[in-house]
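This is target.cif (mmCIF, N, CA and C atoms).
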data_final
loop_
_atom_site.label_atom_id
_atom_site.label_comp_id
_atom_site.auth_asym_id
_atom_site.auth_seq_id
_atom_site.Cartn_x
_atom_site.Cartn_y
_atom_site.Cartn_z
N MET A 68 33.23 27.96 -4.23
CA MET A 68 33.68 26.85 -3.40
C MET A 68 32.57 26.39 -2.46
N ILE A 69 31.87 27.34 -1.82
CA ILE A 69 30.79 26.99 -0.91
C ILE A 69 29.66 26.29 -1.65
N ILE A 70 29.35 26.75 -2.88
CA ILE A 70 28.29 26.14 -3.67
C ILE A 70 28.65 24.69 -3.97
N GLN A 71 29.87 24.43 -4.36
CA GLN A 71 30.29 23.07 -4.69
C GLN A 71 30.20 22.15 -3.47
N SER A 72 30.65 22.58 -2.31
CA SER A 72 30.61 21.72 -1.13
C SER A 72 29.17 21.49 -0.67
N THR A 73 28.28 22.48 -0.85
CA THR A 73 26.86 22.30 -0.54
C THR A 73 26.26 21.26 -1.46
N ARG A 74 26.58 21.33 -2.74
CA ARG A 74 26.08 20.35 -3.71
C ARG A 74 26.55 18.94 -3.35
N THR A 75 27.82 18.81 -2.97
CA THR A 75 28.37 17.52 -2.58
C THR A 75 27.63 16.98 -1.35
N MET A 76 27.35 17.85 -0.38
CA MET A 76 26.63 17.44 0.81
C MET A 76 25.22 16.96 0.46
N VAL A 77 24.54 17.70 -0.41
CA VAL A 77 23.19 17.31 -0.82
C VAL A 77 23.22 15.99 -1.56
N ASP A 78 24.19 15.82 -2.48
CA ASP A 78 24.31 14.57 -3.20
C ASP A 78 24.56 13.41 -2.24
N SER A 79 25.38 13.64 -1.22
CA SER A 79 25.67 12.61 -0.22
C SER A 79 24.41 12.24 0.56
N ILE A 80 23.65 13.25 0.96
CA ILE A 80 22.40 12.98 1.70
C ILE A 80 21.43 12.23 0.81
N ASN A 81 21.27 12.70 -0.44
CA ASN A 81 20.36 12.02 -1.35
C ASN A 81 20.77 10.58 -1.60
N LYS A 82 22.05 10.34 -1.71
CA LYS A 82 22.54 8.97 -1.92
C LYS A 82 22.20 8.10 -0.71
N ARG A 83 22.36 8.65 0.49
CA ARG A 83 22.02 7.91 1.70
C ARG A 83 20.52 7.62 1.75
N ILE A 84 19.71 8.62 1.41
CA ILE A 84 18.26 8.44 1.41
C ILE A 84 17.87 7.42 0.36
N TYR A 85 18.42 7.55 -0.83
CA TYR A 85 18.15 6.64 -1.93
C TYR A 85 18.49 5.20 -1.54
N THR A 86 19.64 5.02 -0.93
CA THR A 86 20.07 3.68 -0.50
C THR A 86 19.14 3.12 0.57
N ALA A 87 18.75 3.95 1.54
CA ALA A 87 17.85 3.49 2.60
C ALA A 87 16.48 3.11 2.03
N LEU A 88 15.96 3.91 1.10
CA LEU A 88 14.68 3.60 0.47
C LEU A 88 14.75 2.28 -0.30
N LYS A 89 15.85 2.10 -1.03
CA LYS A 89 16.02 0.85 -1.77
C LYS A 89 16.04 -0.36 -0.84
N LYS A 90 16.71 -0.23 0.31
CA LYS A 90 16.76 -1.34 1.27
C LYS A 90 15.35 -1.73 1.73
N ILE A 91 14.53 -0.73 2.01
CA ILE A 91 13.15 -1.01 2.42
C ILE A 91 12.40 -1.75 1.31
N MET A 92 12.52 -1.25 0.09
CA MET A 92 11.81 -1.86 -1.04
C MET A 92 12.31 -3.29 -1.29
N LEU A 93 13.60 -3.51 -1.21
CA LEU A 93 14.15 -4.85 -1.41
C LEU A 93 13.67 -5.78 -0.30
N HIS A 94 13.60 -5.27 0.91
CA HIS A 94 13.10 -6.06 2.03
C HIS A 94 11.66 -6.50 1.79
N TRP A 95 10.86 -5.65 1.19
CA TRP A 95 9.46 -5.98 0.90
C TRP A 95 9.32 -6.91 -0.31
N GLY A 96 10.45 -7.26 -0.94
CA GLY A 96 10.39 -8.22 -2.04
C GLY A 96 10.34 -7.61 -3.43
N PHE A 97 10.55 -6.31 -3.52
CA PHE A 97 10.59 -5.69 -4.83
C PHE A 97 11.96 -5.91 -5.45
N THR A 98 12.03 -5.83 -6.77
CA THR A 98 13.30 -6.01 -7.47
C THR A 98 14.14 -4.73 -7.35
N HIS A 99 15.39 -4.84 -7.76
CA HIS A 99 16.27 -3.67 -7.75
C HIS A 99 15.72 -2.56 -8.65
N ILE A 100 15.18 -2.95 -9.79
CA ILE A 100 14.63 -1.96 -10.72
C ILE A 100 13.44 -1.24 -10.07
N GLU A 101 12.52 -2.00 -9.49
CA GLU A 101 11.35 -1.40 -8.84
C GLU A 101 11.77 -0.50 -7.68
N ALA A 102 12.73 -0.95 -6.91
CA ALA A 102 13.23 -0.16 -5.78
C ALA A 102 13.88 1.12 -6.28
N SER A 103 14.64 1.03 -7.35
CA SER A 103 15.31 2.21 -7.90
C SER A 103 14.30 3.20 -8.46
N VAL A 104 13.30 2.70 -9.17
CA VAL A 104 12.29 3.57 -9.77
C VAL A 104 11.51 4.30 -8.68
N TYR A 105 11.05 3.55 -7.67
CA TYR A 105 10.26 4.16 -6.60
C TYR A 105 11.10 5.18 -5.82
N SER A 106 12.33 4.83 -5.51
CA SER A 106 13.22 5.73 -4.77
C SER A 106 13.48 7.00 -5.56
N LEU A 107 13.71 6.87 -6.86
CA LEU A 107 13.93 8.03 -7.71
C LEU A 107 12.71 8.95 -7.69
N LEU A 108 11.51 8.37 -7.85
CA LEU A 108 10.29 9.18 -7.85
C LEU A 108 10.11 9.91 -6.52
N LEU A 109 10.40 9.23 -5.43
CA LEU A 109 10.26 9.87 -4.12
C LEU A 109 11.23 11.04 -3.97
N LEU A 110 12.46 10.82 -4.36
CA LEU A 110 13.47 11.87 -4.19
C LEU A 110 13.29 13.02 -5.18
N LYS A 111 12.86 12.70 -6.38
CA LYS A 111 12.66 13.74 -7.40
C LYS A 111 11.49 14.63 -7.00
N ASN A 112 10.48 14.02 -6.39
CA ASN A 112 9.31 14.75 -5.88
C ASN A 112 8.60 15.55 -6.96
N GLU A 113 8.57 14.98 -8.15
CA GLU A 113 7.82 15.57 -9.26
C GLU A 113 7.44 14.45 -10.20
N GLU A 114 6.39 14.67 -10.96
CA GLU A 114 5.97 13.62 -11.88
C GLU A 114 7.00 13.42 -12.98
N MET A 115 7.12 12.17 -13.41
CA MET A 115 8.08 11.82 -14.44
C MET A 115 7.45 10.80 -15.37
N CYS A 116 7.85 10.83 -16.63
CA CYS A 116 7.39 9.80 -17.56
C CYS A 116 8.39 8.64 -17.53
N ALA A 117 7.97 7.51 -18.07
CA ALA A 117 8.80 6.30 -18.03
C ALA A 117 10.13 6.51 -18.74
N ARG A 118 10.13 7.27 -19.83
CA ARG A 118 11.38 7.49 -20.56
C ARG A 118 12.37 8.29 -19.72
N GLU A 119 11.89 9.31 -19.01
CA GLU A 119 12.77 10.09 -18.12
C GLU A 119 13.34 9.20 -17.01
N ILE A 120 12.49 8.34 -16.47
CA ILE A 120 12.93 7.44 -15.40
C ILE A 120 13.99 6.48 -15.92
N ALA A 121 13.76 5.96 -17.13
CA ALA A 121 14.73 5.04 -17.74
C ALA A 121 16.07 5.74 -17.94
N GLU A 122 16.04 6.98 -18.38
CA GLU A 122 17.29 7.73 -18.59
C GLU A 122 18.03 7.95 -17.27
N LYS A 123 17.30 8.30 -16.22
CA LYS A 123 17.93 8.59 -14.92
C LYS A 123 18.46 7.33 -14.25
N THR A 124 17.72 6.23 -14.37
CA THR A 124 18.12 4.99 -13.69
C THR A 124 19.06 4.13 -14.53
N LYS A 125 19.13 4.41 -15.83
CA LYS A 125 19.96 3.63 -16.77
C LYS A 125 19.41 2.22 -16.99
N TYR A 126 18.13 2.02 -16.70
CA TYR A 126 17.48 0.74 -17.01
C TYR A 126 16.76 0.86 -18.34
N ALA A 127 16.53 -0.27 -18.99
CA ALA A 127 15.81 -0.28 -20.26
C ALA A 127 14.39 0.25 -20.06
N TYR A 128 13.90 0.96 -21.06
CA TYR A 128 12.57 1.55 -21.01
C TYR A 128 11.50 0.50 -20.67
N SER A 129 11.57 -0.66 -21.35
CA SER A 129 10.57 -1.71 -21.12
C SER A 129 10.63 -2.23 -19.69
N SER A 130 11.82 -2.31 -19.11
CA SER A 130 11.96 -2.76 -17.72
C SER A 130 11.36 -1.73 -16.77
N VAL A 131 11.55 -0.46 -17.07
CA VAL A 131 10.98 0.60 -16.24
C VAL A 131 9.46 0.57 -16.31
N VAL A 132 8.91 0.37 -17.50
CA VAL A 132 7.45 0.29 -17.64
C VAL A 132 6.90 -0.89 -16.83
N ASN A 133 7.57 -2.03 -16.91
CA ASN A 133 7.15 -3.19 -16.12
C ASN A 133 7.21 -2.90 -14.62
N ALA A 134 8.28 -2.24 -14.20
CA ALA A 134 8.43 -1.89 -12.78
C ALA A 134 7.32 -0.93 -12.35
N LEU A 135 7.04 0.06 -13.16
CA LEU A 135 5.97 1.02 -12.85
C LEU A 135 4.62 0.33 -12.75
N ASN A 136 4.36 -0.62 -13.63
CA ASN A 136 3.09 -1.35 -13.57
C ASN A 136 2.96 -2.15 -12.28
N ARG A 137 4.04 -2.79 -11.85
CA ARG A 137 4.00 -3.54 -10.60
C ARG A 137 3.83 -2.59 -9.41
N LEU A 138 4.53 -1.48 -9.42
CA LEU A 138 4.39 -0.50 -8.35
C LEU A 138 2.96 0.06 -8.30
N ARG A 139 2.34 0.22 -9.45
CA ARG A 139 0.94 0.66 -9.48
C ARG A 139 0.02 -0.39 -8.86
N ARG A 140 0.26 -1.67 -9.17
CA ARG A 140 -0.56 -2.74 -8.59
C ARG A 140 -0.49 -2.75 -7.07
N TYR A 141 0.65 -2.33 -6.53
CA TYR A 141 0.82 -2.28 -5.08
C TYR A 141 0.48 -0.90 -4.51
N HIS A 142 -0.09 -0.04 -5.33
CA HIS A 142 -0.54 1.29 -4.93
C HIS A 142 0.60 2.15 -4.39
N LEU A 143 1.78 1.98 -4.97
CA LEU A 143 2.94 2.78 -4.57
C LEU A 143 3.19 3.95 -5.52
N VAL A 144 2.64 3.86 -6.71
CA VAL A 144 2.71 4.99 -7.64
C VAL A 144 1.34 5.18 -8.29
N GLU A 145 1.10 6.40 -8.70
CA GLU A 145 -0.11 6.73 -9.46
C GLU A 145 0.34 7.31 -10.78
N ARG A 146 -0.54 7.22 -11.77
CA ARG A 146 -0.17 7.78 -13.07
C ARG A 146 -1.31 8.64 -13.61
N GLU A 147 -0.90 9.58 -14.45
CA GLU A 147 -1.85 10.48 -15.08
C GLU A 147 -1.43 10.65 -16.53
N LYS A 148 -2.41 10.54 -17.41
CA LYS A 148 -2.10 10.69 -18.83
C LYS A 148 -2.16 12.15 -19.21
N LYS A 149 -1.09 12.60 -19.86
CA LYS A 149 -1.01 13.97 -20.37
C LYS A 149 -0.59 13.88 -21.82
N GLY A 150 -1.51 14.18 -22.70
CA GLY A 150 -1.23 14.00 -24.12
C GLY A 150 -1.14 12.52 -24.42
N LYS A 151 -0.04 12.12 -25.02
CA LYS A 151 0.16 10.71 -25.38
C LYS A 151 0.99 9.95 -24.35
N CYS A 152 1.38 10.63 -23.29
CA CYS A 152 2.34 10.06 -22.34
C CYS A 152 1.75 9.97 -20.94
N TYR A 153 2.10 8.90 -20.24
CA TYR A 153 1.73 8.77 -18.83
C TYR A 153 2.85 9.36 -17.98
N PHE A 154 2.43 10.06 -16.93
CA PHE A 154 3.36 10.59 -15.95
C PHE A 154 3.08 9.94 -14.61
N TYR A 155 4.13 9.61 -13.89
CA TYR A 155 4.03 8.85 -12.66
C TYR A 155 4.45 9.71 -11.46
N ILE A 156 3.73 9.52 -10.36
CA ILE A 156 4.10 10.17 -9.10
C ILE A 156 4.04 9.11 -8.00
N PRO A 157 4.91 9.23 -7.01
CA PRO A 157 4.90 8.23 -5.94
C PRO A 157 3.82 8.52 -4.90
N VAL A 158 3.33 7.46 -4.30
CA VAL A 158 2.48 7.60 -3.13
C VAL A 158 3.45 7.76 -1.97
N THR A 159 3.32 8.83 -1.23
CA THR A 159 4.30 9.14 -0.20
C THR A 159 3.80 8.91 1.22
N ASN A 160 2.57 8.49 1.37
CA ASN A 160 2.02 8.26 2.70
C ASN A 160 2.52 6.91 3.22
N ILE A 161 3.66 6.93 3.87
CA ILE A 161 4.31 5.71 4.35
C ILE A 161 3.42 4.94 5.32
N VAL A 162 2.70 5.65 6.17
CA VAL A 162 1.82 4.99 7.14
C VAL A 162 0.74 4.20 6.41
N GLU A 163 0.17 4.78 5.38
CA GLU A 163 -0.88 4.10 4.62
C GLU A 163 -0.31 2.88 3.90
N ILE A 164 0.90 3.00 3.37
CA ILE A 164 1.55 1.87 2.71
C ILE A 164 1.74 0.71 3.69
N ILE A 165 2.23 1.02 4.88
CA ILE A 165 2.45 0.00 5.91
C ILE A 165 1.12 -0.60 6.36
N ARG A 166 0.12 0.25 6.55
CA ARG A 166 -1.21 -0.22 6.97
C ARG A 166 -1.77 -1.21 5.93
N ASN A 167 -1.66 -0.86 4.66
CA ASN A 167 -2.15 -1.75 3.60
C ASN A 167 -1.38 -3.06 3.58
N GLU A 168 -0.07 -2.99 3.79
CA GLU A 168 0.74 -4.21 3.81
C GLU A 168 0.34 -5.10 4.99
N ARG A 169 0.12 -4.49 6.13
CA ARG A 169 -0.30 -5.24 7.32
C ARG A 169 -1.63 -5.95 7.07
N LYS A 170 -2.55 -5.27 6.42
CA LYS A 170 -3.85 -5.88 6.11
C LYS A 170 -3.69 -7.05 5.14
N ARG A 171 -2.81 -6.87 4.12
CA ARG A 171 -2.58 -7.96 3.17
C ARG A 171 -2.01 -9.19 3.88
N VAL A 172 -1.03 -8.97 4.76
CA VAL A 172 -0.41 -10.10 5.48
C VAL A 172 -1.46 -10.79 6.37
N ARG A 173 -2.27 -10.02 7.04
CA ARG A 173 -3.32 -10.60 7.91
C ARG A 173 -4.29 -11.43 7.08
N ASN A 174 -4.67 -10.94 5.91
CA ASN A 174 -5.57 -11.70 5.03
C ASN A 174 -4.92 -12.99 4.56
N TYR A 175 -3.63 -12.95 4.22
CA TYR A 175 -2.92 -14.17 3.83
C TYR A 175 -2.89 -15.18 4.98
N LEU A 176 -2.64 -14.67 6.18
CA LEU A 176 -2.61 -15.55 7.35
C LEU A 176 -3.99 -16.18 7.60
N MET A 177 -5.04 -15.41 7.39
CA MET A 177 -6.39 -15.96 7.59
C MET A 177 -6.70 -17.05 6.56
N GLU A 178 -6.24 -16.86 5.32
CA GLU A 178 -6.39 -17.91 4.30
C GLU A 178 -5.63 -19.17 4.71
N LEU A 179 -4.41 -18.97 5.21
CA LEU A 179 -3.59 -20.09 5.66
C LEU A 179 -4.25 -20.79 6.83
N ARG A 180 -4.77 -20.03 7.78
CA ARG A 180 -5.45 -20.60 8.94
C ARG A 180 -6.61 -21.49 8.50
N ASP A 181 -7.41 -21.01 7.57
CA ASP A 181 -8.56 -21.79 7.09
C ASP A 181 -8.11 -23.09 6.43
N ALA A 182 -7.04 -23.02 5.65
CA ALA A 182 -6.52 -24.23 5.00
C ALA A 182 -5.96 -25.20 6.04
N LEU A 183 -5.27 -24.68 7.05
CA LEU A 183 -4.70 -25.54 8.09
C LEU A 183 -5.79 -26.22 8.91
N ARG A 184 -6.87 -25.52 9.16
CA ARG A 184 -7.98 -26.10 9.93
C ARG A 184 -8.59 -27.29 9.22
N GLU A 185 -8.60 -27.26 7.91
CA GLU A 185 -9.15 -28.37 7.13
C GLU A 185 -8.31 -29.64 7.26
N GLU A 186 -7.05 -29.48 7.61
CA GLU A 186 -6.15 -30.63 7.74
C GLU A 186 -6.20 -31.28 9.12
N GLY A 187 -6.95 -30.73 10.02
CA GLY A 187 -7.08 -31.32 11.35
C GLY A 187 -5.85 -31.09 12.21
N GLU A 188 -5.48 -32.12 12.98
CA GLU A 188 -4.39 -32.02 13.96
C GLU A 188 -3.00 -32.06 13.32
N LYS A 189 -2.92 -32.43 12.08
CA LYS A 189 -1.62 -32.61 11.42
C LYS A 189 -0.72 -31.38 11.54
N TYR A 190 -1.30 -30.19 11.45
CA TYR A 190 -0.53 -28.94 11.50
C TYR A 190 -0.93 -28.07 12.69
N SER A 191 -1.25 -28.69 13.80
CA SER A 191 -1.79 -27.95 14.95
C SER A 191 -0.81 -26.90 15.49
N GLU A 192 0.48 -27.21 15.54
CA GLU A 192 1.44 -26.24 16.06
C GLU A 192 1.55 -25.03 15.13
N LEU A 193 1.64 -25.30 13.83
CA LEU A 193 1.69 -24.21 12.86
C LEU A 193 0.41 -23.38 12.92
N LEU A 194 -0.72 -24.04 13.04
CA LEU A 194 -2.00 -23.35 13.15
C LEU A 194 -2.01 -22.41 14.35
N ARG A 195 -1.48 -22.88 15.46
CA ARG A 195 -1.43 -22.06 16.68
C ARG A 195 -0.61 -20.79 16.44
N HIS A 196 0.54 -20.93 15.77
CA HIS A 196 1.38 -19.77 15.49
C HIS A 196 0.72 -18.80 14.50
N VAL A 197 0.04 -19.34 13.52
CA VAL A 197 -0.68 -18.51 12.55
C VAL A 197 -1.78 -17.73 13.25
N GLU A 198 -2.51 -18.39 14.13
CA GLU A 198 -3.58 -17.71 14.86
C GLU A 198 -3.01 -16.62 15.77
N GLU A 199 -1.84 -16.86 16.37
CA GLU A 199 -1.18 -15.83 17.18
C GLU A 199 -0.81 -14.62 16.31
N GLY A 200 -0.35 -14.89 15.11
CA GLY A 200 -0.01 -13.81 14.19
C GLY A 200 -1.22 -12.99 13.80
N ILE A 201 -2.32 -13.66 13.52
CA ILE A 201 -3.57 -12.97 13.18
C ILE A 201 -4.03 -12.11 14.35
N GLU A 202 -3.97 -12.68 15.55
CA GLU A 202 -4.38 -11.95 16.75
C GLU A 202 -3.48 -10.72 16.97
N TYR A 203 -2.19 -10.91 16.81
CA TYR A 203 -1.25 -9.80 16.98
C TYR A 203 -1.56 -8.67 15.99
N LEU A 204 -1.74 -9.01 14.72
CA LEU A 204 -2.01 -7.98 13.73
C LEU A 204 -3.36 -7.31 13.98
N GLY A 205 -4.31 -8.06 14.51
CA GLY A 205 -5.59 -7.46 14.88
C GLY A 205 -5.45 -6.44 16.00
N LYS A 206 -4.62 -6.77 16.99
CA LYS A 206 -4.35 -5.83 18.09
C LYS A 206 -3.66 -4.57 17.58
N VAL A 207 -2.69 -4.75 16.71
CA VAL A 207 -1.99 -3.60 16.14
C VAL A 207 -2.96 -2.71 15.40
N GLU A 208 -3.86 -3.31 14.65
CA GLU A 208 -4.84 -2.54 13.89
C GLU A 208 -5.73 -1.72 14.83
N LYS A 209 -6.15 -2.31 15.93
CA LYS A 209 -6.99 -1.60 16.89
C LYS A 209 -6.24 -0.46 17.57
N GLU A 210 -4.95 -0.69 17.86
CA GLU A 210 -4.16 0.31 18.57
C GLU A 210 -3.82 1.52 17.71
N VAL A 211 -3.46 1.26 16.45
CA VAL A 211 -3.00 2.36 15.62
C VAL A 211 -3.97 2.74 14.51
N GLY A 212 -4.94 1.91 14.28
CA GLY A 212 -5.95 2.25 13.27
C GLY A 212 -5.55 1.99 11.87
#
Please express the file's structure as structure tokens.
Amino acid sequence: MIIQSTRTMVDSINKRIYTALKKIMLHWGFTHIEASVYSLLLLKNEEMCAREIAEKTKYAYSSVVNALNRLRRYHLVEREKKGKCYFYIPVTNIVEIIRNERKRVRNYLMELRDALREEGEKYSELLRHVEEGIEYLGKVEKEVG
């Protein structure tokens, strides 16, 4: 009886963690499949091949492979070839993930700022807000590294 209630508690905690991780991934613009795959890898805490991930998530194998490729492009998972199969592991350094995202956003804002400057006064208010955003992200980078 104690074993069963412990298992239920662990499943409940894992479900809460899984749901919270998915919310973060969805907020960042990832699809449900990508969020599910990344969350599963984090919670499993062991390398998995795409077929295993597809079986656990109930998504099509090809969809899982596409999700894994996108997650790799964003440096959220790494893969290692063993025999004929690739095995995937999640990048778990949340601070590094956030730092990289902050840098990407700052670079996008700088591109936007340059384009807005070419238009002259037409977008002066928007330009001012973009420059404030760049300055803010620069300060954050200096404070936290």
Could you build a table of the residues in segment 90-166 of chain A lying no more than 12 Å from segment 172-181 of chain A, giving for each the nearest pair of atoms and their separation in Å rounded to one decimal place, using only C-alpha atoms, ordered by chain and ascending residue number, as a tab-separated table?
residue	atom	partner	partner_atom	distance
A:Trp95	CA	A:Val172	CA	11.6
A:Ile165	CA	A:Val172	CA	10.5
A:Arg166	CA	A:Val172	CA	10.0
- prompt: Distance atom C of Leu204 of chain A-atom C of Tyr190 of chain A, one decimal place?
  reply: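 It comes out at 20.9 Å.
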- prompt: Of the residues A:Val104, A:Ala182, A:Lys111, A:Cys116, which is the one nearest to Tyr153 of chain A, using all atoms listed in the file?
  reply: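 Checking each candidate against Tyr153 of chain A, we get A:Cys116 as the closest.
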query: Could you state the separation of atom N of Leu108 of chain A and atom CA of Asn136 of chain A in Å, given to one decimal place?
result: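 Between these atoms lies a distance of 14.1 Å.
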task: Apply DSSP to the backbone of this structure and, from segment 148-209 of chain A, keep only the residues in alpha helix (DSSP H); write these as a PyMOL selection string.
output: chain A and resi 161-185+191-209
task: On this file, the PyMOL selection byres (((chain A and resi 158 and name CA) around 12) and name CA) gives some set of residues; write that set as a list in words.
output: Tyr105, Ser106, Leu108, Leu109, Leu110, Asn112, Glu113, Glu114, Leu138, Arg139, Tyr141, His142, Leu143, Val144, Glu145, Arg146, Tyr155, Ile156, Pro157, Thr159, Asn160, Ile161, Val162, Glu163, Ile164 and Ile165 of chain A
- request: For the file shown, report as a list in words the outcome of the PyMOL selection byres (((chain A and resi 124-127 and name CA) around 8) and name CA) at residue level.
  value: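 Taken over the shown coordinates, the PyMOL selection byres (((chain A and resi 124-127 and name CA) around 8) and name CA) returns Ile100, Ser103, Val104, Leu107, Ile120, Ala121, Glu122, Lys123, Tyr128, Ser129, Ser130 and Val131 of chain A.
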Could those residues be written to a file, using N, CA and C atoms, as a compact mmCIF listing (two decimals), keeping the file's coordinate frame?
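Okay, selection.txt is ready:
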# COMPACT_ATOMS: atom_id res chain seq x y z
N ILE A 100 15.18 -2.95 -9.79
CA ILE A 100 14.63 -1.96 -10.72
C ILE A 100 13.44 -1.24 -10.07
N SER A 103 14.64 1.03 -7.35
CA SER A 103 15.31 2.21 -7.90
C SER A 103 14.30 3.20 -8.46
N VAL A 104 13.30 2.70 -9.17
CA VAL A 104 12.29 3.57 -9.77
C VAL A 104 11.51 4.30 -8.68
N LEU A 107 13.71 6.87 -6.86
CA LEU A 107 13.93 8.03 -7.71
C LEU A 107 12.71 8.95 -7.69
N ILE A 120 12.49 8.34 -16.47
CA ILE A 120 12.93 7.44 -15.40
C ILE A 120 13.99 6.48 -15.92
N ALA A 121 13.76 5.96 -17.13
CA ALA A 121 14.73 5.04 -17.74
C ALA A 121 16.07 5.74 -17.94
N GLU A 122 16.04 6.98 -18.38
CA GLU A 122 17.29 7.73 -18.59
C GLU A 122 18.03 7.95 -17.27
N LYS A 123 17.30 8.30 -16.22
CA LYS A 123 17.93 8.59 -14.92
C LYS A 123 18.46 7.33 -14.25
N TYR A 128 13.90 0.96 -21.06
CA TYR A 128 12.57 1.55 -21.01
C TYR A 128 11.50 0.50 -20.67
N SER A 129 11.57 -0.66 -21.35
CA SER A 129 10.57 -1.71 -21.12
C SER A 129 10.63 -2.23 -19.69
N SER A 130 11.82 -2.31 -19.11
CA SER A 130 11.96 -2.76 -17.72
C SER A 130 11.36 -1.73 -16.77
N VAL A 131 11.55 -0.46 -17.07
CA VAL A 131 10.98 0.60 -16.24
C VAL A 131 9.46 0.57 -16.31
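For the pair atom CA of Ala117 of chain A and atom CA of Glu147 of chain A, the interatomic distance is 11.8 Å.
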task: Would you mind writing down, as a PyMOL selection string, each residue of chain A that DSSP on the backbone assigns to strand (DSSP E or B)?
output: chain A and resi 115-116+144-149+152-157
Store the residues of this selection in a file with N, CA and C atoms, as a compact mmCIF listing (two decimals), in the coordinates of the input.
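What ended up in selection.txt:
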# COMPACT_ATOMS: atom_id res chain seq x y z
N MET A 115 7.12 12.17 -13.41
CA MET A 115 8.08 11.82 -14.44
C MET A 115 7.45 10.80 -15.37
N CYS A 116 7.85 10.83 -16.63
CA CYS A 116 7.39 9.80 -17.56
C CYS A 116 8.39 8.64 -17.53
N VAL A 144 2.64 3.86 -6.71
CA VAL A 144 2.71 4.99 -7.64
C VAL A 144 1.34 5.18 -8.29
N GLU A 145 1.10 6.40 -8.70
CA GLU A 145 -0.11 6.73 -9.46
C GLU A 145 0.34 7.31 -10.78
N ARG A 146 -0.54 7.22 -11.77
CA ARG A 146 -0.17 7.78 -13.07
C ARG A 146 -1.31 8.64 -13.61
N GLU A 147 -0.90 9.58 -14.45
CA GLU A 147 -1.85 10.48 -15.08
C GLU A 147 -1.43 10.65 -16.53
N LYS A 148 -2.41 10.54 -17.41
CA LYS A 148 -2.10 10.69 -18.83
C LYS A 148 -2.16 12.15 -19.21
N LYS A 149 -1.09 12.60 -19.86
CA LYS A 149 -1.01 13.97 -20.37
C LYS A 149 -0.59 13.88 -21.82
N CYS A 152 1.38 10.63 -23.29
CA CYS A 152 2.34 10.06 -22.34
C CYS A 152 1.75 9.97 -20.94
N TYR A 153 2.10 8.90 -20.24
CA TYR A 153 1.73 8.77 -18.83
C TYR A 153 2.85 9.36 -17.98
N PHE A 154 2.43 10.06 -16.93
CA PHE A 154 3.36 10.59 -15.95
C PHE A 154 3.08 9.94 -14.61
N TYR A 155 4.13 9.61 -13.89
CA TYR A 155 4.03 8.85 -12.66
C TYR A 155 4.45 9.71 -11.46
N ILE A 156 3.73 9.52 -10.36
CA ILE A 156 4.10 10.17 -9.10
C ILE A 156 4.04 9.11 -8.00
N PRO A 157 4.91 9.23 -7.01
CA PRO A 157 4.90 8.23 -5.94
C PRO A 157 3.82 8.52 -4.90
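Nearest residue to Glu208 of chain A, choosing from A:Arg169, A:Thr86, A:Lys149, A:Ala134 and counting only C-alpha atoms: A:Arg169.
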- request: Find, counting only C-alpha atoms, the residue in A:Arg137, A:Arg184, A:Arg83, A:Arg118 that gets nearest to Ala102 of chain A.
  value: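 Of the candidates, the smallest distance to Ala102 of chain A is held by A:Arg137.
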